[in-house]
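With compact mmCIF, C-alpha atoms inside, this is target.txt:
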# COMPACT_ATOMS: atom_id res chain seq x y z
CA MET A 29 -62.16 -44.60 -0.56
CA LYS A 30 -59.70 -44.45 -3.44
CA LYS A 31 -60.87 -40.96 -4.40
CA SER A 32 -60.51 -39.63 -0.86
CA LEU A 33 -57.02 -41.17 -0.58
CA LEU A 34 -55.99 -39.46 -3.83
CA LEU A 35 -57.54 -36.21 -2.57
CA TYR A 36 -55.59 -36.47 0.73
CA LEU A 37 -52.35 -37.22 -1.17
CA PHE A 38 -53.00 -34.31 -3.50
CA ILE A 39 -53.59 -31.95 -0.57
CA LEU A 40 -50.49 -33.31 1.20
CA VAL A 41 -48.28 -32.79 -1.89
CA LEU A 42 -49.76 -29.31 -2.36
CA LEU A 43 -48.99 -28.40 1.27
CA LEU A 44 -45.46 -29.78 0.96
CA ASN A 45 -44.93 -27.68 -2.17
CA VAL A 46 -46.27 -24.55 -0.47
CA PHE A 47 -44.07 -25.07 2.61
CA THR A 48 -41.02 -25.82 0.44
CA TYR A 49 -41.68 -22.72 -1.65
CA MET A 50 -42.04 -20.51 1.44
CA TYR A 51 -38.91 -22.00 3.03
CA PHE A 52 -36.72 -21.36 -0.01
CA LYS A 53 -38.23 -17.92 -0.56
CA LYS A 54 -37.39 -16.88 3.01
CA GLU A 55 -33.95 -18.50 2.77
CA LEU A 56 -33.21 -16.57 -0.43
CA ALA A 57 -34.34 -13.30 1.18
CA PHE A 58 -32.20 -14.05 4.25
CA GLU A 59 -29.11 -14.80 2.12
CA GLN A 60 -29.64 -11.67 0.02
CA ASN A 61 -29.90 -9.63 3.21
CA GLN A 62 -26.69 -11.18 4.55
CA PHE A 63 -24.94 -10.54 1.24
CA THR A 64 -26.04 -6.91 1.27
CA ASN A 65 -24.81 -6.44 4.84
CA LYS A 66 -21.45 -8.08 4.07
CA GLU A 67 -21.12 -5.99 0.93
CA LYS A 68 -21.72 -2.80 2.93
CA LYS A 69 -19.09 -3.84 5.51
CA MET A 70 -16.59 -4.70 2.78
CA MET A 71 -17.14 -1.37 1.03
CA ALA A 72 -16.68 0.46 4.33
CA ASN A 73 -13.45 -1.49 4.97
CA PHE A 74 -12.29 -0.83 1.41
CA ASN A 75 -12.94 2.90 1.78
CA SER A 76 -11.16 2.93 5.13
CA ILE A 77 -8.13 1.12 3.71
CA THR A 78 -8.10 3.40 0.66
CA ASN A 79 -8.12 6.45 2.93
CA LYS A 80 -5.31 5.02 5.05
CA LEU A 81 -3.27 4.26 1.95
CA THR A 82 -3.86 7.77 0.63
CA ASP A 83 -2.75 9.21 3.97
CA ALA A 84 0.31 6.95 4.04
CA ASN A 85 1.29 8.00 0.52
CA TYR A 86 0.71 11.69 1.14
CA PHE A 87 4.45 12.29 1.51
CA SER A 88 5.69 10.69 -1.67
CA LEU A 89 6.98 12.01 -4.94
CA GLU A 90 4.38 10.00 -6.85
CA ASN A 91 1.54 11.99 -5.25
CA ASN A 92 3.17 15.41 -4.87
CA GLU A 93 2.35 17.44 -7.95
CA ASN A 94 4.37 20.45 -6.79
CA ALA A 95 7.49 18.31 -6.41
CA GLN A 96 6.87 16.72 -9.80
CA ASN A 97 6.60 20.18 -11.36
CA TYR A 98 10.12 20.88 -10.06
CA PHE A 99 11.40 18.26 -12.49
CA ASN A 100 8.95 19.12 -15.26
CA PRO A 101 8.45 22.90 -15.31
CA ASP A 102 6.52 24.43 -18.20
CA THR A 103 9.60 26.36 -19.37
CA ALA A 104 12.02 23.40 -19.31
CA THR A 105 13.70 22.15 -22.43
CA LYS A 106 14.57 18.88 -20.71
CA THR A 107 12.17 17.04 -18.41
CA ILE A 108 12.59 14.05 -16.12
CA GLN A 109 9.99 11.30 -16.01
CA ILE A 110 9.04 10.60 -12.40
CA GLU A 111 8.33 6.92 -13.15
CA LYS A 112 11.99 6.48 -14.15
CA LEU A 113 13.46 8.90 -11.60
CA ILE A 114 12.25 7.12 -8.47
CA PRO A 115 13.80 3.72 -9.27
CA PHE A 116 16.92 5.44 -10.62
CA VAL A 117 17.56 7.43 -7.44
CA THR A 118 16.66 4.46 -5.22
CA GLU A 119 19.04 2.19 -7.14
CA LYS A 120 21.91 4.70 -6.94
CA LEU A 121 21.46 5.03 -3.18
CA MET A 122 21.18 1.27 -2.64
CA ASP A 123 24.27 0.66 -4.81
CA LEU A 124 26.28 2.49 -2.15
CA ASN A 125 25.54 -0.41 0.24
CA ALA A 126 28.36 -2.30 -1.52
CA ASN A 127 30.91 0.05 0.06
CA PRO A 128 33.17 -2.01 2.39
CA LYS A 129 32.54 0.42 5.26
CA GLY A 130 28.77 0.49 4.64
CA ASN A 131 26.59 3.08 3.02
CA PRO A 132 28.25 6.46 3.59
CA TYR A 133 24.91 8.29 3.73
CA VAL A 134 23.48 6.58 6.81
CA GLY A 135 25.22 9.19 8.93
CA GLN A 136 26.61 6.60 11.38
CA ASP A 137 30.03 5.06 11.73
CA GLN A 138 30.33 1.29 11.88
CA ILE A 139 29.79 0.11 15.47
CA GLY A 140 30.32 -3.65 15.42
CA ALA A 141 31.56 -6.17 12.95
CA ASN A 142 28.77 -5.47 10.46
CA LYS A 143 28.45 -2.39 8.27
CA PHE A 144 25.38 -0.17 8.14
CA ILE A 145 23.36 -0.60 4.96
CA ILE A 146 20.14 0.99 3.78
CA ASN A 147 17.21 -1.43 3.73
CA LYS A 148 14.24 0.63 2.61
CA VAL A 149 13.96 3.95 0.78
CA ARG A 150 11.08 6.36 0.26
CA ILE A 151 11.47 9.43 -1.89
CA LEU A 152 9.38 12.10 -0.21
CA ASN A 153 9.62 14.93 -2.73
CA HIS A 154 12.01 16.59 -5.16
CA ARG A 155 14.67 17.03 -2.49
CA TRP A 156 14.33 14.56 0.41
CA ILE A 157 14.60 10.84 0.94
CA ILE A 158 13.83 8.95 4.12
CA ALA A 159 15.58 5.64 4.55
CA ASP A 160 15.75 2.81 7.05
CA PHE A 161 19.18 1.32 7.77
CA SER A 162 20.69 -1.36 9.97
CA ASP A 163 23.73 -3.49 10.59
CA GLY A 164 21.68 -6.47 11.78
CA GLU A 165 21.97 -5.41 15.40
CA TYR A 166 21.29 -1.66 15.41
CA TRP A 167 18.56 0.09 13.45
CA GLY A 168 18.08 3.67 12.43
CA GLU A 169 16.57 6.13 10.02
CA VAL A 170 18.12 8.87 7.97
CA LEU A 171 16.91 11.91 6.04
CA ILE A 172 18.94 12.43 2.89
CA LYS A 173 18.94 15.35 0.49
CA TYR A 174 19.37 14.39 -3.12
CA PHE A 175 20.15 16.43 -6.19
CA ILE A 176 19.84 15.56 -9.87
CA ASN A 177 22.88 17.07 -11.55
CA ASP A 178 22.98 18.50 -15.07
CA ASP A 179 24.89 15.46 -16.29
CA GLU A 180 22.00 13.26 -15.05
CA THR A 181 23.92 11.89 -12.08
CA VAL A 182 22.62 11.91 -8.53
CA SER A 183 24.40 13.38 -5.56
CA PHE A 184 23.38 12.77 -1.96
CA GLU A 185 23.88 14.63 1.29
CA THR A 186 22.99 13.30 4.74
CA PHE A 187 20.64 15.74 6.40
CA GLN A 188 19.80 14.02 9.70
CA SER A 189 20.43 10.55 11.08
CA LEU A 190 18.88 8.72 14.00
CA LEU A 191 20.09 5.49 15.58
CA TYR A 192 17.69 3.63 17.86
CA GLN A 193 18.84 2.25 21.17
CA LYS A 194 19.42 -1.46 21.33
Could you render the structure as structure tokens?
Amino acid sequence: MKKSLLLYLFILVLLLNVFTYMYFKKELAFEQNQFTNKEKKMMANFNSITNKLTDANYFSLENNENAQNYFNPDTATKTIQIEKLIPFVTEKLMDLNANPKGNPYVGQDQIGANKFIINKVRILNHRWIIADFSDGEYWGEVLIKYFINDDETVSFETFQSLLYQK
């Protein structure tokens, strides 16, 4: 009787171990499969976002080698570093927001009590800037030509301005 009870307990423990082993083995395989699927989705999303970012940055001085070569030609004795140029030009344009009548390069006269100031700037290439401006009530966009002078100053010229309807 005692031997058969021990035999039954042994068989029961063995079966429990086999079932536990099979359960955890299948659970591990299931989790690995889920991880692989999520990893594939994340990589697809990452690639999609990378492509969108590349498309969004297509028109930018940082990614336009031809425009960069304008500032750094092979025959130049003096070159301009693009990494320093972009913040320099942006800062010079934004400094004009301090003008009491607003930034003169937005291409719009003051409408209400507030002056038009430039909020966001993107340097497209070696010649053009696109900027967003507002007075808090009206919003618009402007294309600005910029020139780097020989004395390392920047001059601007409004090319086209657009004011959105309220």
Would you mind listing what lies within 10 Å of Leu113 (chain A) as a list in words, with all atoms listed in the file counted and same-chain residues fewer than 4 positions away left out?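 What passes the distance filter is Leu89, Phe99, Ile108, Gln109, Val117, Thr118, Glu119, Ile151 and Ile176 of chain A.
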Residues of the last selection are to be written out with C-alpha atoms, as a PDB file, in the coordinates of the input.
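Once everything was written out, this is result-v6.pdb:
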ATOM      1  CA  LEU A  89       6.980  12.010  -4.940  1.00  0.00           C
ATOM      2  CA  PHE A  99      11.400  18.260 -12.490  1.00  0.00           C
ATOM      3  CA  ILE A 108      12.590  14.050 -16.120  1.00  0.00           C
ATOM      4  CA  GLN A 109       9.990  11.300 -16.010  1.00  0.00           C
ATOM      5  CA  VAL A 117      17.560   7.430  -7.440  1.00  0.00           C
ATOM      6  CA  THR A 118      16.660   4.460  -5.220  1.00  0.00           C
ATOM      7  CA  GLU A 119      19.040   2.190  -7.140  1.00  0.00           C
ATOM      8  CA  ILE A 151      11.470   9.430  -1.890  1.00  0.00           C
ATOM      9  CA  ILE A 176      19.840  15.560  -9.870  1.00  0.00           C
TER      10      ILE A 176
END
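Between CA of Lys68 (chain A) and CA of Phe52 (chain A) the separation is 24.0 Å.
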Using only C-alpha atoms, collect all residues at a distance of at most 12 Å from (21.4, 2.7, 15.1) as written in the file, then present them as a list in words.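 It turns out the residues near that spot are Val134, Gly135, Gln136, Asp137, Gln138, Ile139, Gly140, Asn142, Lys143, Phe144, Ile145, Ile146, Asp160, Phe161, Ser162, Asp163, Gly164, Glu165, Tyr166, Trp167, Gly168, Glu169, Val170, Ser189, Leu190, Leu191, Tyr192, Gln193 and Lys194 of chain A.
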Give me a file of those residues, with C-alpha atoms, as a PDB file, keeping the file's coordinate frame.
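The resulting file, selection31.pdb, is reproduced below:
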ATOM      1  CA  VAL A 134      23.480   6.580   6.810  1.00  0.00           C
ATOM      2  CA  GLY A 135      25.220   9.190   8.930  1.00  0.00           C
ATOM      3  CA  GLN A 136      26.610   6.600  11.380  1.00  0.00           C
ATOM      4  CA  ASP A 137      30.030   5.060  11.730  1.00  0.00           C
ATOM      5  CA  GLN A 138      30.330   1.290  11.880  1.00  0.00           C
ATOM      6  CA  ILE A 139      29.790   0.110  15.470  1.00  0.00           C
ATOM      7  CA  GLY A 140      30.320  -3.650  15.420  1.00  0.00           C
ATOM      8  CA  ASN A 142      28.770  -5.470  10.460  1.00  0.00           C
ATOM      9  CA  LYS A 143      28.450  -2.390   8.270  1.00  0.00           C
ATOM     10  CA  PHE A 144      25.380  -0.170   8.140  1.00  0.00           C
ATOM     11  CA  ILE A 145      23.360  -0.600   4.960  1.00  0.00           C
ATOM     12  CA  ILE A 146      20.140   0.990   3.780  1.00  0.00           C
ATOM     13  CA  ASP A 160      15.750   2.810   7.050  1.00  0.00           C
ATOM     14  CA  PHE A 161      19.180   1.320   7.770  1.00  0.00           C
ATOM     15  CA  SER A 162      20.690  -1.360   9.970  1.00  0.00           C
ATOM     16  CA  ASP A 163      23.730  -3.490  10.590  1.00  0.00           C
ATOM     17  CA  GLY A 164      21.680  -6.470  11.780  1.00  0.00           C
ATOM     18  CA  GLU A 165      21.970  -5.410  15.400  1.00  0.00           C
ATOM     19  CA  TYR A 166      21.290  -1.660  15.410  1.00  0.00           C
ATOM     20  CA  TRP A 167      18.560   0.090  13.450  1.00  0.00           C
ATOM     21  CA  GLY A 168      18.080   3.670  12.430  1.00  0.00           C
ATOM     22  CA  GLU A 169      16.570   6.130  10.020  1.00  0.00           C
ATOM     23  CA  VAL A 170      18.120   8.870   7.970  1.00  0.00           C
ATOM     24  CA  SER A 189      20.430  10.550  11.080  1.00  0.00           C
ATOM     25  CA  LEU A 190      18.880   8.720  14.000  1.00  0.00           C
ATOM     26  CA  LEU A 191      20.090   5.490  15.580  1.00  0.00           C
ATOM     27  CA  TYR A 192      17.690   3.630  17.860  1.00  0.00           C
ATOM     28  CA  GLN A 193      18.840   2.250  21.170  1.00  0.00           C
ATOM     29  CA  LYS A 194      19.420  -1.460  21.330  1.00  0.00           C
TER      30      LYS A 194
END
What gap, in Å, lies between CA of Ala126 (chain A) and CA of Phe87 (chain A)?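 Atom-to-atom, CA of Ala126 (chain A) and CA of Phe87 (chain A) are spaced 28.2 Å apart.
Interatomic distance, CA of Lys173 (chain A) to CA of Glu185 (chain A): 5.1 Å.
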Would you kindly return, as a ChimeraX atom specification, each protein, DNA or RNA residue with an atom no farther than 12 Å from any atom of Asp123 (chain A), considering only C-alpha atoms and excluding same-chain residues fewer than 6 positions away? /A:115-117,130-133,145-147,182
Given the selection you just returned, output its residues as a file containing C-alpha atoms, formatted as an mmCIF file, in the frame of the given file.
data_model
loop_
_atom_site.group_PDB
_atom_site.id
_atom_site.type_symbol
_atom_site.label_atom_id
_atom_site.label_comp_id
_atom_site.auth_asym_id
_atom_site.auth_seq_id
_atom_site.Cartn_x
_atom_site.Cartn_y
_atom_site.Cartn_z
ATOM 1 C CA PRO A 115 13.800 3.720 -9.270
ATOM 2 C CA PHE A 116 16.920 5.440 -10.620
ATOM 3 C CA VAL A 117 17.560 7.430 -7.440
ATOM 4 C CA GLY A 130 28.770 0.490 4.640
ATOM 5 C CA ASN A 131 26.590 3.080 3.020
ATOM 6 C CA PRO A 132 28.250 6.460 3.590
ATOM 7 C CA TYR A 133 24.910 8.290 3.730
ATOM 8 C CA ILE A 145 23.360 -0.600 4.960
ATOM 9 C CA ILE A 146 20.140 0.990 3.780
ATOM 10 C CA ASN A 147 17.210 -1.430 3.730
ATOM 11 C CA VAL A 182 22.620 11.910 -8.530
#
Might you pull out every residue within 7 Å of region 153-156 of chain A, with all atoms listed in the file counted and same-chain residues fewer than 6 positions away left off, and present them as an NGL selection string? :A and (88-89 or 92 or 95-96 or 98 or 171-175)
